[in-house]
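Okay, structure first, notes after.
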Amino acid sequence: MLEKDLDTRFEEAVEIANTMTQAELPQDVQLRLYALYKQSTHGTIDNRIYPVYDLRNAFKMNAWMQISHLTQDECKELYVEAITSIANKK
């Protein structure tokens with residue numbers, strides 16, 4: 001059996017994540033998933049493009065900055081692992 005490529009597994013994980021509600025996940029998990037997703041899809045954050053005007057977005061940007069040293073592929077893999085783990089606990 002052939003293993004699915006990373007992009008396919010990532011897209012499948014995004015589909016699973018889209019079925020989850022915020023109430024199901026603690027806020028720290030939500031922030032981690034947000035950061036992994038943004039780093040996976042946009043690369044390293046550029047503070048000039050993403051200005052922060054409120055506390056909620058400040059937390060999101062901070063989470064993204066904390067993982068900015070990871071590559072997009074590393075983040076995709078971590079995102080897939082996290083979503084798979086959460087989905088398996090249901």
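We label chains A, B, ... in the order they appear in the structure tokens, count residues from 1 in each chain, and number ligands from 1 in the order shown.
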
Within 12 Å of Lys60 of chain A using only C-alpha atoms, minus same-chain residues under 2 positions, as a PyMOL selection string = chain A and resi 27-39+45+50-58+62-67

Skip Glu11 of chain A itself and residues of its chain fewer than 6 positions away, then list as a VMD selection string all residues within 12 Å of it, counting only C-alpha atoms.
-> chain A and resid 4 to 5 17 to 18 37 40 to 41 76 to 77 79 to 80 83

With only C-alpha atoms as the basis for distance, which of A:Glu24, A:Met61, A:Arg48, A:Gln72 is at the shortest distance from Ile86 of chain A?
->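 Checking each of A:Glu24, A:Met61, A:Arg48, A:Gln72 against Ile86 of chain A, counting only C-alpha atoms, the winner is A:Glu24.
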